[in-house]
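Asker: Structure file run15.cif (mmCIF, C-alpha atoms) right here:
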```cif
data_query
loop_
_atom_site.label_atom_id
_atom_site.label_comp_id
_atom_site.auth_asym_id
_atom_site.auth_seq_id
_atom_site.Cartn_x
_atom_site.Cartn_y
_atom_site.Cartn_z
CA MET A 1 128.01 111.50 125.72
CA ARG A 2 130.38 114.44 125.13
CA ASP A 3 131.40 113.01 121.77
CA LEU A 4 127.76 112.69 120.73
CA GLN A 5 127.00 116.28 121.69
CA LYS A 6 129.96 117.74 119.79
CA PRO A 7 128.92 119.45 116.54
CA GLN A 8 130.46 117.72 113.51
CA LYS A 9 131.88 120.32 111.14
CA GLU A 10 133.17 117.89 108.54
CA LEU A 11 132.48 114.38 107.25
CA GLN A 12 134.26 111.66 109.19
CA ILE A 13 134.73 108.06 108.06
CA GLY A 14 132.89 105.59 110.27
CA LEU A 15 130.91 108.28 112.10
CA SER A 16 127.49 106.73 111.42
CA SER A 17 128.71 103.34 112.69
CA PHE A 18 130.07 105.00 115.82
CA TYR A 19 126.76 106.78 116.40
CA LYS A 20 124.80 103.54 116.06
CA GLN A 21 127.00 101.62 118.49
CA ALA A 22 127.00 104.53 120.94
CA VAL A 23 123.20 104.80 120.92
CA HIS A 24 122.72 101.08 121.57
CA PHE A 25 125.37 101.11 124.30
CA LEU A 26 123.99 104.14 126.14
CA CYS A 27 120.32 103.14 125.82
CA ALA A 28 121.06 99.73 127.32
CA ASP A 29 121.41 101.55 130.66
CA SER A 30 118.24 103.30 131.83
CA MET A 31 120.09 106.22 133.47
CA TRP A 32 122.15 107.02 130.37
CA ALA A 33 119.11 106.42 128.15
CA CYS A 34 117.11 109.00 130.08
CA GLN A 35 119.96 111.48 129.72
CA ILE A 36 120.36 111.04 125.98
CA TRP A 37 116.59 111.19 125.36
CA SER A 38 116.35 114.33 127.49
CA ASN A 39 118.74 115.98 125.03
CA PHE A 40 116.91 114.65 121.96
CA SER A 41 116.04 118.05 120.46
CA ALA A 42 119.69 119.17 120.68
CA MET A 43 121.00 116.08 118.86
CA CYS A 44 122.00 116.09 115.22
CA ALA A 45 119.63 114.61 112.63
CA ASP A 46 121.62 111.36 112.32
CA LEU A 47 121.42 110.70 116.05
CA GLN A 48 117.72 111.51 116.17
CA LEU A 49 117.07 109.00 113.40
CA LEU A 50 119.08 106.31 115.23
CA LEU A 51 117.17 106.95 118.45
CA VAL A 52 113.74 106.56 116.86
CA MET A 53 114.96 103.46 115.02
CA TRP A 54 116.02 102.07 118.40
CA VAL A 55 112.41 102.53 119.58
CA ILE A 56 111.01 100.67 116.56
CA ASP A 57 113.41 97.78 117.20
CA GLY A 58 111.48 97.12 120.40
CA GLN A 59 114.23 98.10 122.81
CA VAL A 60 112.02 100.29 125.02
CA PRO A 61 111.25 98.50 128.31
CA PRO A 62 107.51 98.35 129.05
CA GLN A 63 106.11 99.79 132.27
CA HIS A 64 109.18 101.93 132.82
CA SER A 65 109.79 105.63 133.42
CA LEU A 66 112.02 105.63 130.34
CA LYS A 67 109.02 104.82 128.14
CA GLU A 68 107.09 107.75 129.61
CA LEU A 69 110.05 110.05 128.93
CA ILE A 70 110.36 108.86 125.33
CA GLN A 71 106.63 109.36 124.83
CA ARG A 72 106.82 112.96 126.05
CA VAL A 73 109.88 113.67 123.90
CA LEU A 74 108.27 112.25 120.75
CA GLU A 75 105.04 114.15 121.37
CA CYS A 76 106.82 117.46 121.95
CA ASN A 77 108.99 117.13 118.83
CA LEU A 78 106.26 115.73 116.57
CA ARG A 79 105.54 118.91 114.63
CA GLU A 80 109.22 119.45 113.80
CA ALA A 81 109.52 115.83 112.68
CA ILE A 82 106.51 116.10 110.34
CA LEU A 83 108.02 119.20 108.76
CA SER A 84 111.40 117.52 108.26
CA HIS A 85 112.73 117.32 104.70
CA SER A 86 113.82 113.70 105.23
CA VAL A 87 111.03 111.29 104.28
CA GLU A 88 112.90 108.42 105.96
CA TYR A 89 113.09 110.33 109.25
CA ARG A 90 109.42 111.36 109.11
CA LYS A 91 108.28 107.80 108.40
CA THR A 92 110.47 106.30 111.13
CA TYR A 93 109.47 108.95 113.65
CA LEU A 94 105.74 108.33 113.11
CA ALA A 95 106.28 104.57 113.46
CA ALA A 96 108.18 105.14 116.72
CA LEU A 97 105.41 107.35 118.08
CA ALA A 98 102.83 104.65 117.34
CA THR A 99 105.06 102.09 119.05
CA VAL A 100 105.26 103.97 122.34
CA LEU A 101 101.62 105.13 122.28
CA PHE A 102 100.33 101.58 122.24
CA SER A 103 100.32 99.09 125.05
CA GLY A 104 101.51 95.59 124.23
CA GLU A 105 99.79 93.96 127.21
CA SER A 106 96.87 92.49 125.24
CA SER A 107 96.07 90.92 121.91
CA VAL A 108 94.37 94.16 120.87
CA TRP A 109 96.42 97.34 120.80
CA GLN A 110 95.27 99.89 123.35
CA PRO A 111 96.24 103.56 122.81
CA LEU A 112 97.77 105.29 125.82
CA HIS A 113 96.88 108.81 126.87
CA TRP A 114 98.45 111.77 125.12
CA THR A 115 100.72 113.39 127.73
CA ALA A 116 101.37 116.73 126.02
CA PRO A 117 99.04 119.60 127.06
CA ARG A 118 95.87 119.32 124.98
CA ASP A 119 95.07 123.01 125.15
CA GLU A 120 98.10 123.77 123.01
CA PRO A 121 97.64 123.78 119.21
CA VAL A 122 100.25 121.02 118.72
CA LEU A 123 97.72 118.22 118.32
CA PRO A 124 95.46 119.99 115.75
CA ASP A 125 98.47 121.29 113.80
CA CYS A 126 100.03 117.83 113.55
CA VAL A 127 96.75 116.25 112.45
CA ASN A 128 96.23 118.92 109.78
CA LEU A 129 99.78 118.45 108.46
CA LEU A 130 99.38 114.69 108.25
CA LEU A 131 95.95 114.92 106.60
CA GLY A 132 97.43 117.34 104.07
CA ASP A 133 100.17 114.86 103.18
CA LEU A 134 97.56 112.12 102.79
CA GLU A 135 95.28 114.25 100.62
CA ASP A 136 98.15 115.27 98.37
CA GLN A 137 99.54 111.69 98.42
CA ARG A 138 103.10 112.88 98.97
CA CYS A 139 106.20 110.81 99.73
CA GLY A 140 105.05 107.33 98.70
CA SER A 141 102.79 104.63 100.07
CA GLU A 142 105.10 103.54 102.92
CA PHE A 143 105.15 107.03 104.43
CA LEU A 144 101.42 107.53 103.77
CA SER A 145 100.59 104.34 105.63
CA GLU A 146 102.48 105.57 108.69
CA ALA A 147 100.91 109.03 108.33
CA LEU A 148 97.40 107.54 108.23
CA CYS A 149 97.99 105.46 111.36
CA ALA A 150 99.52 108.44 113.18
CA ALA A 151 96.73 110.82 112.14
CA SER A 152 94.12 108.30 113.29
CA LEU A 153 95.92 107.82 116.58
CA LEU A 154 96.05 111.59 117.19
CA LEU A 155 92.37 111.93 116.27
CA SER A 156 91.47 109.33 118.88
CA GLN A 157 93.26 111.49 121.48
CA TRP A 158 91.55 114.71 120.38
CA PRO A 159 89.19 116.05 123.10
CA ASP A 160 85.50 116.36 122.19
CA SER A 161 85.43 120.06 122.99
CA SER A 162 87.66 121.00 120.05
CA LEU A 163 87.10 118.18 117.54
CA ARG A 164 85.24 119.60 114.54
CA ALA A 165 83.29 118.00 111.72
CA PRO A 166 85.57 119.25 108.88
CA VAL A 167 88.51 117.31 110.32
CA LEU A 168 86.44 114.11 110.53
CA GLU A 169 85.15 114.73 107.02
CA ARG A 170 88.73 114.89 105.70
CA TRP A 171 89.72 111.75 107.59
CA CYS A 172 86.71 109.73 106.37
CA SER A 173 87.34 110.86 102.79
CA ILE A 174 90.96 109.71 103.01
CA LEU A 175 89.85 106.28 104.26
CA GLU A 176 87.32 106.02 101.43
CA ASN A 177 89.98 106.97 98.91
CA HIS A 178 92.55 104.41 100.03
CA ARG A 179 90.20 101.48 100.75
CA SER A 180 89.75 100.70 97.05
CA PRO A 181 91.37 97.57 95.53
CA GLU A 182 93.52 99.83 93.34
CA SER A 183 95.35 101.23 96.37
CA PRO A 184 98.56 99.53 97.56
CA GLU A 185 97.98 96.82 100.13
CA VAL A 186 100.01 98.68 102.73
CA LEU A 187 97.54 101.58 102.51
CA ARG A 188 94.50 99.31 102.64
CA MET A 189 95.94 97.67 105.74
CA SER A 190 96.48 101.13 107.24
CA CYS A 191 92.82 101.92 106.59
CA ALA A 192 91.85 98.81 108.55
CA GLU A 193 94.25 99.75 111.36
CA ALA A 194 92.86 103.30 111.37
CA LEU A 195 89.38 101.88 111.97
CA CYS A 196 90.70 99.90 114.94
CA VAL A 197 92.71 102.83 116.32
CA ALA A 198 90.15 105.62 115.98
CA GLY A 199 87.00 104.27 114.32
CA VAL A 200 85.63 102.70 117.50
CA SER A 201 86.18 105.65 119.85
CA LEU A 202 85.17 108.31 117.31
CA GLY A 203 82.20 106.42 115.92
CA LEU A 204 80.61 106.10 119.36
CA ARG A 205 81.09 109.73 120.39
CA GLU A 206 77.75 111.50 120.30
CA HIS A 207 78.78 114.44 118.08
CA CYS A 208 80.60 112.06 115.70
CA ARG A 209 77.60 109.80 115.08
CA PRO A 210 76.88 111.27 111.60
CA PHE A 211 80.18 109.74 110.47
CA LEU A 212 79.48 106.24 111.83
CA SER A 213 77.75 105.10 108.61
CA ARG A 214 80.81 106.12 106.57
CA LEU A 215 83.14 104.22 108.89
CA ILE A 216 80.94 101.14 108.66
CA GLY A 217 80.91 101.56 104.87
CA THR A 218 84.70 101.52 104.82
CA GLY A 219 84.65 98.44 107.03
CA LEU A 220 82.29 96.66 104.61
CA TRP A 221 84.61 97.43 101.71
CA LEU A 222 87.68 96.17 103.54
CA LEU A 223 85.92 92.96 104.59
CA GLN A 224 85.81 92.17 100.87
CA ASP A 225 89.51 92.92 100.35
CA GLN A 226 91.65 90.44 98.43
CA SER A 227 94.16 90.37 101.30
CA HIS A 228 93.39 87.97 104.15
CA GLN A 229 95.35 90.16 106.59
CA VAL A 230 93.28 93.23 105.68
CA ARG A 231 90.04 91.31 106.13
CA MET A 232 91.08 89.98 109.53
CA LYS A 233 92.21 93.40 110.75
CA THR A 234 88.83 94.81 109.68
CA ALA A 235 87.08 91.96 111.48
CA GLN A 236 88.98 93.10 114.58
CA PHE A 237 87.39 96.55 114.15
CA ALA A 238 83.93 94.94 114.02
CA SER A 239 84.74 92.89 117.14
CA MET A 240 85.94 95.94 119.06
CA LEU A 241 82.89 97.94 118.02
CA HIS A 242 80.59 95.08 119.04
CA HIS A 243 82.23 94.78 122.48
CA THR A 244 82.44 98.52 123.15
CA ARG A 245 78.76 99.13 122.38
CA ARG A 246 77.89 96.54 125.01
CA GLY A 247 80.10 98.14 127.63
CA ARG A 248 82.75 95.45 127.51
CA SER A 249 86.51 95.90 127.60
CA CYS A 250 88.54 95.52 124.42
CA LYS A 251 91.77 94.57 126.18
CA SER A 252 91.25 90.94 125.27
CA ILE A 253 88.55 90.07 122.77
CA TYR A 254 87.70 87.24 120.45
CA VAL A 255 88.12 88.43 116.87
CA MET A 256 85.09 87.19 114.97
CA GLN A 257 85.20 85.58 111.53
CA VAL A 258 84.73 87.77 108.48
CA ASN A 259 81.21 86.54 107.66
CA LYS A 260 80.10 87.28 111.22
CA ALA A 261 81.84 90.68 111.17
CA LEU A 262 79.97 91.55 107.98
CA GLN A 263 76.64 90.74 109.61
CA VAL A 264 77.54 92.69 112.79
CA LEU A 265 78.41 95.83 110.82
CA LEU A 266 75.25 95.59 108.70
CA ASP A 267 73.09 95.11 111.80
CA LEU A 268 74.71 98.14 113.43
CA LEU A 269 74.26 100.19 110.27
CA LEU A 270 70.50 99.67 110.25
CA GLU A 271 70.15 99.89 114.00
CA GLU A 272 72.00 103.18 114.46
CA CYS A 273 72.15 104.88 111.07
CA TRP A 274 69.09 103.94 109.01
CA GLU A 275 67.89 107.57 108.97
CA GLU A 276 71.27 108.95 107.92
CA PRO A 277 71.34 110.16 104.28
CA GLY A 278 74.43 108.08 103.44
CA THR A 279 73.23 104.71 104.75
CA LEU A 280 71.31 103.73 101.63
CA GLU A 281 74.32 104.67 99.51
CA VAL A 282 76.55 102.47 101.68
CA LEU A 283 74.33 99.45 101.04
CA LEU A 284 73.86 100.10 97.33
CA SER A 285 77.57 100.70 96.77
CA ASN A 286 78.24 97.10 97.82
CA LEU A 287 75.86 95.65 95.24
CA PRO A 288 77.57 94.64 91.99
CA GLN A 289 76.55 96.60 88.90
CA VAL A 290 76.01 93.80 86.39
CA ASP A 291 73.79 93.08 83.42
CA LEU A 292 72.23 89.68 84.14
CA ARG A 293 71.46 88.93 80.51
CA THR A 294 75.11 89.40 79.54
CA VAL A 295 76.25 87.27 82.47
CA ALA A 296 73.76 84.51 81.58
CA GLN A 297 74.88 84.50 77.97
CA GLY A 298 78.51 84.26 78.99
CA ALA A 299 77.76 81.40 81.38
CA SER A 300 75.88 79.49 78.71
CA GLN A 301 78.84 79.79 76.35
CA THR A 302 81.56 78.86 78.85
CA GLY A 303 79.65 76.29 80.88
CA CYS A 304 79.22 76.04 84.63
CA ALA A 305 81.94 77.42 86.86
CA SER A 306 82.56 76.80 90.54
CA LEU A 307 84.08 79.16 93.03
CA TYR A 308 86.09 76.26 94.46
CA GLU A 309 87.90 75.45 91.19
CA GLN A 310 90.45 78.20 91.93
CA ASP A 311 90.32 77.71 95.71
CA GLU A 312 89.61 81.41 96.16
CA PRO A 313 89.78 82.18 99.90
CA ASN A 314 87.77 85.40 99.70
CA VAL A 315 84.21 84.29 99.01
CA PHE A 316 83.01 87.86 99.42
CA SER A 317 84.67 88.82 96.15
CA GLU A 318 81.91 86.77 94.47
CA PRO A 319 79.10 89.23 93.57
CA SER A 320 76.29 86.80 94.37
CA VAL A 321 77.60 86.37 97.92
CA MET A 322 77.47 90.09 98.64
CA CYS A 323 73.98 90.27 97.12
CA VAL A 324 72.83 87.55 99.52
CA HIS A 325 74.10 89.59 102.47
CA MET A 326 72.94 93.02 101.28
CA LEU A 327 69.42 92.39 99.99
CA PRO A 328 67.77 91.61 103.38
CA TYR A 329 69.00 94.95 104.72
CA LEU A 330 67.85 96.78 101.60
CA LEU A 331 64.44 95.18 102.11
CA GLN A 332 64.35 96.55 105.65
CA MET A 333 65.28 99.99 104.34
CA ALA A 334 62.50 99.85 101.74
CA GLU A 335 60.00 99.00 104.47
CA LYS A 336 60.98 102.21 106.30
CA TYR A 337 60.30 104.28 103.17
CA SER A 338 57.51 106.32 104.75
CA GLU A 339 59.28 106.91 108.07
CA SER A 340 62.09 109.13 106.80
CA SER A 341 61.94 111.85 104.17
CA SER A 342 65.67 111.58 103.39
CA LEU A 343 65.36 107.81 102.94
CA GLY A 344 62.30 108.27 100.74
CA CYS A 345 64.13 110.77 98.54
CA GLY A 346 67.14 108.46 98.28
CA LEU A 347 65.04 105.48 97.25
CA SER A 348 63.11 107.57 94.72
CA MET A 349 66.32 108.84 93.14
CA TRP A 350 67.70 105.31 92.96
CA VAL A 351 64.52 104.10 91.28
CA GLU A 352 64.61 106.86 88.69
CA GLU A 353 68.20 106.00 87.80
CA ASN A 354 67.91 102.20 87.90
CA ALA A 355 64.28 101.19 87.32
CA ALA A 356 64.78 100.16 83.68
CA GLN A 357 67.80 97.95 84.45
CA VAL A 358 66.13 96.41 87.52
CA LEU A 359 62.99 95.47 85.60
CA ASN A 360 65.06 94.04 82.78
CA ASN A 361 67.06 91.93 85.26
CA LEU A 362 63.84 90.69 86.84
CA ARG A 363 62.59 89.57 83.43
CA VAL A 364 65.87 87.66 82.99
CA CYS A 365 65.37 86.03 86.41
CA LYS A 366 61.86 85.00 85.39
CA GLU A 367 63.23 83.45 82.21
CA LEU A 368 65.96 81.61 84.11
CA LEU A 369 63.59 80.40 86.85
CA PRO A 370 60.21 79.53 85.30
CA ALA A 371 57.41 78.39 87.58
CA ASP A 372 57.79 74.69 86.76
CA LYS A 373 61.50 74.63 87.69
CA PRO A 374 62.78 73.92 91.22
CA ASP A 375 63.75 76.81 93.48
CA LEU A 376 67.44 77.60 92.95
CA SER A 377 67.71 80.29 95.61
CA LEU A 378 70.34 78.35 97.56
CA VAL A 379 72.75 78.64 94.63
CA GLY A 380 73.55 82.18 95.74
CA SER A 381 74.15 81.38 99.39
CA PRO A 382 77.71 81.93 100.62
CA PRO A 383 79.84 78.83 101.16
CA GLY A 384 81.46 78.25 104.50
CA PRO A 385 80.06 78.26 108.04
CA LYS A 386 76.34 78.89 108.32
CA THR A 387 75.10 82.00 110.05
CA SER A 388 71.73 82.88 111.48
CA GLN A 389 70.98 84.95 108.40
CA GLN A 390 68.81 83.12 105.86
CA PRO A 391 69.77 83.24 102.18
CA VAL A 392 67.85 85.62 99.96
CA GLN A 393 65.45 84.01 97.53
CA PRO A 394 64.78 85.52 94.12
CA VAL A 395 61.26 86.43 95.19
CA ARG A 396 62.70 88.53 98.05
CA ALA A 397 65.09 90.31 95.71
CA GLY A 398 62.15 90.97 93.42
CA SER A 399 60.17 92.18 96.41
CA PHE A 400 62.79 94.82 97.18
CA CYS A 401 62.77 96.02 93.59
CA HIS A 402 58.97 96.08 93.43
CA GLN A 403 58.71 97.90 96.74
CA THR A 404 61.07 100.64 95.64
CA VAL A 405 59.85 100.86 92.05
CA GLY A 406 56.22 100.64 93.10
CA LYS A 407 56.51 103.36 95.71
CA ALA A 408 57.91 105.79 93.19
CA HIS A 409 56.02 104.88 90.01
CA GLY A 410 53.28 102.44 90.97
CA SER A 411 53.22 98.75 90.12
CA THR A 412 54.97 97.77 86.90
CA PRO A 413 54.10 94.38 85.43
CA LEU A 414 56.91 92.17 84.29
#
```
I need this file expressed as structure tokens, please.
Answerer:
Amino acid sequence: MRDLQKPQKELQIGLSSFYKQAVHFLCADSMWACQIWSNFSAMCADLQLLLVMWVIDGQVPPQHSLKELIQRVLECNLREAILSHSVEYRKTYLAALATVLFSGESSVWQPLHWTAPRDEPVLPDCVNLLLGDLEDQRCGSEFLSEALCAASLLLSQWPDSSLRAPVLERWCSILENHRSPESPEVLRMSCAEALCVAGVSLGLREHCRPFLSRLIGTGLWLLQDQSHQVRMKTAQFASMLHHTRRGRSCKSIYVMQVNKALQVLLDLLLEECWEEPGTLEVLLSNLPQVDLRTVAQGASQTGCASLYEQDEPNVFSEPSVMCVHMLPYLLQMAEKYSESSSLGCGLSMWVEENAAQVLNNLRVCKELLPADKPDLSLVGSPPGPKTSQQPVQPVRAGSFCHQTVGKAHGSTPL
């Protein structure tokens, strides 16, 4: 211990190896580990990095006073770590904090309570610093993924009395920015983890309800992700949300399949958020923007194609599949046109911007499906396990368009 506490005035060969072996040797004994962690802030930067790496390696014993001490030390030194000039140290420190703040007793991670005094400005300052790094996209995707998870974890610990809308607005915007397919997979996975860590608790707080539709919108995007791991992590968010709203514990839950998770989130969106101004935009943003005539011409030139020819595991990347899931909910929104002024304005604006293309696509549908031909509505139904939701027939899709177009401009013949 005395050798570790001595200040090193000059470079010594083999010093880093000695530090590493000394940390592992001392931390193997709980008494010495408590002593070295109690002096964490007085240690040199190399020793601090080795200590947090030791935490990530899973060496901390669960249900032990040592874990509580490490948690307090990491919380108290968090601001200094975020301001460190070493990206490697900042990234490793945030990962270590997440490791000790989560319980490994169940299949679903459960955040532990923040032990530092909440009336001190440490928590808000750390969140603001991390959100700033995420907004400026500094230090690379690996660090940003850890920063997003840490910021979400700290937000979930933020007391209601001091949590303000601008902070949630910044957090939701960051999730919406990094959920896109163009973002690195590590960041998209962090978005899904952020929903699990903070989306459930924040989305169900009364003063955070205006942001629930945006969190569900991010979940809908990530359920269509090309990565199976991202989709399954997002399905875990839907499962946790489903259980929590029914007063059930999330310590051990059954993670639902992606198609079921999609339906659960859409049901919740219309049940809780149909009057919110952003709900209609969430639904419409998941509809593919395609010109049916161009698609039909291309199909006639290339011949029939099957989704199964490439064995694509993500059926929700197929535009027709998302249309099948979205159109019933858009129909329900159109039926509530007169019950909400904000919804009515949103539908009217959408009609003004899209009426010409919608009517043109309906004419194409009429040409493709004349009255004497059999009903081909099942062609658009999603493959895989059946759900209780019935597939959308072309007449229902046309009904949605006619309801919205007709309400704004009157009936328009095809």
Asker: With distances taken over all atoms listed in the file, which residue among A:Glu80, A:Asp57, A:Asp46, A:Asp29 lies nearest A:Ser16?
Answerer: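 Comparing A:Glu80, A:Asp57, A:Asp46, A:Asp29 against A:Ser16, the winner is A:Asp46.
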Asker: Would you pick out the contacts of stretch 124-130 of chain A at 7 Å or less, using all atoms listed in the file, so that residues sharing its chain but fewer than 2 positions from it are not included, and give the list as a PyMOL selection string?
Answerer: chain A and resi 79+121-122+132-134+147+151+154
Asker: Which value, in Å to one decimal, gives the distance between atom CA of A:Glu185 and atom CA of A:Gln59?
Answerer: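 Atom CA of A:Gln59 lies at a distance of 27.9 Å from atom CA of A:Glu185.
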Asker: Select all residues near (118.6, 105.0, 116.9) (cut-off 10 Å, inclusive, file coordinates), counting all atoms listed in the file, and output them as a PyMOL selection string.
Answerer: chain A and resi 19-24+27+46-57
Asker: Any chance you can output those residues with C-alpha atoms as a PDB file, keeping the file's coordinate frame?
Answerer:
```pdb
ATOM      1  CA  TYR A  19     126.760 106.780 116.400  1.00  0.00           C
ATOM      2  CA  LYS A  20     124.800 103.540 116.060  1.00  0.00           C
ATOM      3  CA  GLN A  21     127.000 101.620 118.490  1.00  0.00           C
ATOM      4  CA  ALA A  22     127.000 104.530 120.940  1.00  0.00           C
ATOM      5  CA  VAL A  23     123.200 104.800 120.920  1.00  0.00           C
ATOM      6  CA  HIS A  24     122.720 101.080 121.570  1.00  0.00           C
ATOM      7  CA  CYS A  27     120.320 103.140 125.820  1.00  0.00           C
ATOM      8  CA  ASP A  46     121.620 111.360 112.320  1.00  0.00           C
ATOM      9  CA  LEU A  47     121.420 110.700 116.050  1.00  0.00           C
ATOM     10  CA  GLN A  48     117.720 111.510 116.170  1.00  0.00           C
ATOM     11  CA  LEU A  49     117.070 109.000 113.400  1.00  0.00           C
ATOM     12  CA  LEU A  50     119.080 106.310 115.230  1.00  0.00           C
ATOM     13  CA  LEU A  51     117.170 106.950 118.450  1.00  0.00           C
ATOM     14  CA  VAL A  52     113.740 106.560 116.860  1.00  0.00           C
ATOM     15  CA  MET A  53     114.960 103.460 115.020  1.00  0.00           C
ATOM     16  CA  TRP A  54     116.020 102.070 118.400  1.00  0.00           C
ATOM     17  CA  VAL A  55     112.410 102.530 119.580  1.00  0.00           C
ATOM     18  CA  ILE A  56     111.010 100.670 116.560  1.00  0.00           C
ATOM     19  CA  ASP A  57     113.410  97.780 117.200  1.00  0.00           C
TER      20      ASP A  57
END
```
Asker: What is the atom CA of A:Glu142 to atom CA of A:Thr92 distance in Å?
Answerer: 10.2 Å
Asker: Just say which residues the PyMOL selection byres ((chain A and resi 335-349) around 7) picks in this file, as a PyMOL selection string.
Answerer: chain A and resi 275+277+331-334+350-353+404+408
Asker: With all atoms listed in the file as the atoms that count, which of A:Thr234, A:Ser190, A:Gln71, A:Ser145 lies nearest to A:Arg90?
Answerer: A:Ser145
Asker: Find the distance between atom CA of A:Leu283 and atom CA of A:Leu330 and write it in Å to one decimal.
Answerer: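 Between atom CA of A:Leu283 and atom CA of A:Leu330 the gap works out to 7.0 Å.
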Asker: Mind telling me what the PyMOL selection byres ((chain A and resi 193-196) around 8) catches here, as a list in words?
Answerer: Leu148, Cys149, Ser152, Leu153, Met189, Ser190, Cys191, Ala192, Val197, Ala198, Gly199, Val200, Leu215, Gly219, Lys233, Thr234, Gln236, Phe237 and Met240 of chain A
Asker: So that I can see what lies close to A:Leu287, please list as a ChimeraX atom specification the residues with an atom at most 10 Å from it, counting all atoms listed in the file and leaving out residues fewer than 5 positions away in the same chain.
Answerer: /A:282,319-327
Asker: Could you tell me which of A:Ala238, A:Val255, A:Leu359, A:Leu265 comes closest to A:Gly217 if we count only C-alpha atoms?
Answerer: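 Among the listed residues, the smallest separation from A:Gly217 belongs to A:Leu265.
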Asker: Find the residue from A:Asp160, A:Asp225, A:Glu176, A:Glu271 that sits nearest to A:Cys208; use only C-alpha atoms when measuring.
Answerer: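 Smallest separation from A:Cys208 among the options: A:Asp160.
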